[in-house]
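Dumped start-v7.csv below, it's CSV, C-alpha atoms:
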```csv
chain,number,residue,atom,x,y,z
E,285,MET,CA,19.3,-8.1,-9.5
E,286,ASP,CA,23.1,-8.5,-9.4
E,287,GLY,CA,24.9,-11.7,-8.9
E,288,GLY,CA,26.7,-12.8,-5.8
E,289,ILE,CA,30.4,-12.8,-4.9
E,290,ALA,CA,32.8,-14.1,-7.5
E,291,LEU,CA,36.3,-15.2,-6.5
E,292,THR,CA,38.3,-15.2,-9.7
E,293,VAL,CA,41.8,-14.9,-11.1
E,294,LEU,CA,42.1,-12.6,-14.1
E,295,VAL,CA,44.4,-14.2,-16.8
E,296,ARG,CA,45.0,-13.8,-20.5
E,297,ALA,CA,43.2,-16.4,-22.6
E,298,SER,CA,46.3,-16.9,-24.8
E,299,SER,CA,48.3,-17.9,-21.7
E,300,THR,CA,45.7,-20.4,-20.5
E,301,GLU,CA,45.3,-24.0,-21.6
E,302,PHE,CA,42.0,-25.9,-21.1
E,303,HIS,CA,41.2,-29.6,-21.5
E,304,GLY,CA,37.7,-31.1,-21.8
E,305,TRP,CA,36.1,-28.5,-24.0
E,306,GLY,CA,33.4,-31.1,-24.7
E,307,TYR,CA,32.2,-30.5,-21.1
E,308,ILE,CA,32.1,-26.7,-21.3
E,309,VAL,CA,29.0,-24.8,-22.2
E,310,GLN,CA,29.1,-21.1,-23.0
E,311,TYR,CA,26.3,-18.7,-22.2
E,312,ALA,CA,26.2,-15.2,-23.7
E,313,GLY,CA,25.3,-13.2,-20.6
E,314,SER,CA,25.9,-10.0,-22.5
E,315,ASP,CA,27.6,-8.8,-25.6
E,316,ARG,CA,30.8,-8.4,-23.5
E,317,ASP,CA,31.0,-11.8,-21.7
E,318,ARG,CA,30.6,-15.5,-22.2
E,319,HIS,CA,29.9,-17.4,-19.0
E,320,CYS,CA,31.4,-20.9,-19.2
E,321,PHE,CA,30.3,-23.7,-17.0
E,322,CYS,CA,30.3,-27.5,-16.8
E,323,ARG,CA,27.5,-29.0,-18.8
E,324,ILE,CA,27.4,-32.0,-16.4
E,325,CYS,CA,27.2,-30.4,-13.0
E,326,GLY,CA,26.7,-26.7,-13.8
E,327,THR,CA,29.8,-25.5,-11.9
E,328,SER,CA,31.0,-22.1,-13.1
E,329,ILE,CA,34.5,-22.4,-14.6
E,330,PHE,CA,35.3,-19.0,-16.1
E,331,VAL,CA,34.0,-15.9,-17.8
E,332,ARG,CA,35.5,-15.1,-21.2
E,333,HIS,CA,35.6,-11.4,-21.9
E,334,VAL,CA,34.9,-10.7,-25.6
E,335,ALA,CA,34.1,-7.0,-25.9
E,336,PRO,CA,36.5,-5.0,-28.0
E,337,ASP,CA,38.0,-3.1,-25.1
E,338,ALA,CA,40.7,-3.5,-22.6
E,339,MET,CA,39.2,-6.8,-21.2
E,340,ASP,CA,39.1,-8.5,-24.6
E,341,GLY,CA,41.0,-11.7,-24.5
E,342,MET,CA,40.9,-12.0,-20.7
E,343,ILE,CA,39.4,-14.7,-18.7
E,344,SER,CA,38.1,-14.5,-15.1
E,345,LEU,CA,39.0,-18.0,-13.9
E,346,SER,CA,37.0,-19.3,-10.9
E,347,THR,CA,39.3,-20.0,-8.0
E,348,GLY,CA,37.2,-23.2,-7.4
E,349,THR,CA,38.9,-24.7,-10.5
E,350,PHE,CA,42.3,-24.8,-8.9
E,351,ASP,CA,43.5,-28.1,-7.4
E,352,ASP,CA,45.0,-26.1,-4.5
E,353,PRO,CA,43.8,-22.5,-4.2
E,354,ARG,CA,45.6,-21.9,-0.9
E,355,PRO,CA,48.6,-20.0,-2.4
E,356,LEU,CA,46.2,-17.4,-3.9
E,357,ARG,CA,45.8,-14.1,-2.1
E,358,LEU,CA,43.1,-11.5,-2.4
E,359,ALA,CA,44.5,-8.6,-4.6
E,360,ALA,CA,41.4,-6.5,-5.2
E,361,GLU,CA,37.8,-6.1,-4.2
E,362,THR,CA,35.7,-4.5,-6.9
E,363,CYS,CA,32.4,-2.7,-7.0
E,364,ILE,CA,32.5,-2.2,-3.2
E,365,ASP,CA,29.8,0.4,-3.4
E,366,CYS,CA,27.4,-2.2,-4.7
E,367,LYS,CA,28.1,-5.1,-2.4
E,368,PRO,CA,25.5,-6.3,0.2
E,369,GLU,CA,26.2,-5.5,3.8
E,370,CYS,CA,26.7,-9.2,4.6
E,371,TYR,CA,29.9,-9.3,2.4
E,372,ALA,CA,32.9,-8.3,4.5
E,373,LEU,CA,36.2,-9.6,3.1
E,374,ALA,CA,39.1,-9.4,5.5
E,375,GLY,CA,42.6,-8.1,4.9
E,376,ASP,CA,44.3,-5.3,3.0
E,377,CYS,CA,43.7,-5.2,-0.7
E,378,HIS,CA,42.9,-2.7,-3.4
E,379,ARG,CA,39.2,-1.7,-3.2
E,380,LEU,CA,37.5,-0.1,-6.2
E,381,THR,CA,34.0,1.3,-6.8
E,382,GLN,CA,31.9,0.3,-9.8
E,383,ALA,CA,32.7,3.6,-11.5
E,384,GLU,CA,36.5,3.0,-11.0
E,385,VAL,CA,36.3,-0.4,-12.4
E,386,GLU,CA,34.3,0.8,-15.5
E,387,GLY,CA,36.8,3.6,-15.9
E,388,MET,CA,39.7,1.2,-16.1
E,389,PHE,CA,38.1,-0.6,-19.1
E,390,ALA,CA,36.3,2.3,-20.8
```
Before we go any further, please render this structure as structure tokens.
Amino acid sequence: MDGGIALTVLVRASSTEFHGWGYIVQYAGSDRDRHCFCRICGTSIFVRHVAPDAMDGMISLSTGTFDDPRPLRLAAETCIDCKPECYALAGDCHRLTQAEVEGMFA
């Protein structure tokens, strides 16, 4: 079973500063990613990409962590060939299949 929709902003870990590391728990979901969430409430905060490929050193930061996410705009929708029919994001953006996404980071 695949996970649900994730609204994230992709950033370089080296350009991101976090406070409160004592509240963050990391879970090795795979050999490529570390899922990081609040140990108090369980809220997903970010995914740290650790595989030695193009995604190494990147963080997928949950949009729910922003004090004001309103300025954010949807730039890309990924794995569109795998999404459930009930997901229909509006607006114009770049749409990629799972194979296209994997090809970008192969």
Proximity to Leu373 in chain E - best of E:Val331, E:Cys322, E:Leu345, E:Leu358, all atoms listed in the file:
E:Leu358
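Reported to one decimal place, the separation of CA of Pro336 in chain E from CA of Trp305 in chain E is 23.8 Å.
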What does the structure give for the distance between CA of Cys325 in chain E and CA of Ile343 in chain E, in Å to one decimal?
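CA of Cys325 in chain E sits 20.7 Å away from CA of Ile343 in chain E.
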Between E:Ala335, E:Pro353, E:Ile364, E:Thr347, single out the one closest to Ser314 in chain E, counting all atoms listed in the file.
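Of all the options, E:Ala335 lies closest to Ser314 in chain E.
When CA of His303 in chain E is paired with CA of Arg318 in chain E, their separation reads 17.7 Å.
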Excluding same-chain residues fewer than 2 positions from Thr362 in chain E, what lies within 7 Å of it counting all atoms listed in the file, as a count of residues only?
7
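With distances taken over all atoms listed in the file, E:Met339 is the one residue among E:Leu291, E:Met339, E:Ser328, E:Gly304 lying closest to Arg316 in chain E.
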At a cut-off of 10 Å, using only C-alpha atoms, what residues contact Gly375 in chain E? Leave out same-chain residues fewer than 3 positions from it and give the result as a PyMOL selection string.
chain E and resi 357-359+372+378
Taking all atoms listed in the file into account, which of E:Leu356, E:Ile329, E:Met342, E:Ile324 comes nearest Thr300 in chain E?
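So, comparing all the options, the nearest one is E:Met342.
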Taking every listed atom of range 341-355 of chain E and adding 4 Å to each side, what centre and edge lengths in Å (one decimal) does the axis-aligned box have, as JSON?
```
{"center_x": 42.8, "center_y": -19.9, "center_z": -12.7, "size_x": 19.6, "size_y": 24.4, "size_z": 31.6}
```
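Considering the residues E:His333, E:Gly387, E:Ala297, E:Gly326 and counting only C-alpha atoms, Gly313 in chain E has its shortest atom-to-atom contact with E:His333.
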If we count only C-alpha atoms, what is near Ser344 in chain E at a cut-off of 7 Å, once residues fewer than 4 positions away on the same chain are taken out, given as a VMD selection string?
chain E and resid 292 to 295 330 to 332
Calculated over only C-alpha atoms, which of the candidates E:Asp340, E:Asp315, E:Glu386, E:Asp376 has the smallest distance to Arg296 in chain E?
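The answer is E:Asp340, which sits nearest to Arg296 in chain E.
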Quick one: residues within 7 Å of Ile308 in chain E, all atoms listed in the file, excluding same-chain residues fewer than 5 positions away - as a ChimeraX atom specification?
/E:320-323
Please rebuild range 334-355 of chain E with N, CA and C atoms and return the result as a compact mmCIF listing (two decimals), in the frame of the given file.
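Just written: out00.txt:
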```txt
# COMPACT_ATOMS: atom_id res chain seq x y z
N VAL E 334 34.84 -10.77 -24.11
CA VAL E 334 34.90 -10.70 -25.60
C VAL E 334 34.70 -9.34 -26.16
N ALA E 335 34.37 -8.36 -25.35
CA ALA E 335 34.10 -7.00 -25.90
C ALA E 335 35.39 -6.42 -26.44
N PRO E 336 35.27 -5.63 -27.48
CA PRO E 336 36.50 -5.00 -28.00
C PRO E 336 36.93 -3.82 -27.18
N ASP E 337 37.43 -4.13 -26.01
CA ASP E 337 38.00 -3.10 -25.10
C ASP E 337 39.14 -3.69 -24.36
N ALA E 338 39.56 -3.08 -23.29
CA ALA E 338 40.70 -3.50 -22.60
C ALA E 338 40.61 -4.94 -22.00
N MET E 339 39.39 -5.42 -21.77
CA MET E 339 39.20 -6.80 -21.20
C MET E 339 39.15 -7.85 -22.29
N ASP E 340 39.10 -7.49 -23.56
CA ASP E 340 39.10 -8.50 -24.60
C ASP E 340 40.25 -9.42 -24.52
N GLY E 341 39.98 -10.70 -24.61
CA GLY E 341 41.00 -11.70 -24.50
C GLY E 341 41.41 -12.10 -23.12
N MET E 342 40.67 -11.60 -22.13
CA MET E 342 40.90 -12.00 -20.70
C MET E 342 39.91 -12.98 -20.27
N ILE E 343 40.29 -13.75 -19.28
CA ILE E 343 39.40 -14.70 -18.70
C ILE E 343 39.42 -14.53 -17.16
N SER E 344 38.23 -14.51 -16.56
CA SER E 344 38.10 -14.50 -15.10
C SER E 344 37.89 -15.95 -14.69
N LEU E 345 38.95 -16.59 -14.24
CA LEU E 345 39.00 -18.00 -13.90
C LEU E 345 38.54 -18.22 -12.47
N SER E 346 37.51 -19.02 -12.26
CA SER E 346 37.00 -19.30 -10.90
C SER E 346 38.07 -19.94 -10.06
N THR E 347 38.26 -19.44 -8.84
CA THR E 347 39.30 -20.00 -8.00
C THR E 347 38.91 -21.46 -7.57
N GLY E 348 37.65 -21.83 -7.71
CA GLY E 348 37.20 -23.20 -7.40
C GLY E 348 37.74 -24.22 -8.41
N THR E 349 38.32 -23.77 -9.52
CA THR E 349 38.90 -24.70 -10.50
C THR E 349 40.29 -25.12 -10.21
N PHE E 350 40.94 -24.45 -9.25
CA PHE E 350 42.30 -24.80 -8.90
C PHE E 350 42.35 -26.02 -8.01
N ASP E 351 43.30 -26.91 -8.27
CA ASP E 351 43.50 -28.10 -7.40
C ASP E 351 43.81 -27.63 -5.98
N ASP E 352 44.64 -26.58 -5.86
CA ASP E 352 45.00 -26.10 -4.50
C ASP E 352 45.02 -24.55 -4.58
N PRO E 353 43.90 -23.91 -4.18
CA PRO E 353 43.80 -22.50 -4.20
C PRO E 353 44.50 -21.77 -3.02
N ARG E 354 45.06 -22.53 -2.09
CA ARG E 354 45.60 -21.90 -0.90
C ARG E 354 46.72 -20.89 -1.14
N PRO E 355 47.56 -21.05 -2.18
CA PRO E 355 48.60 -20.00 -2.40
C PRO E 355 48.02 -18.67 -2.91
```
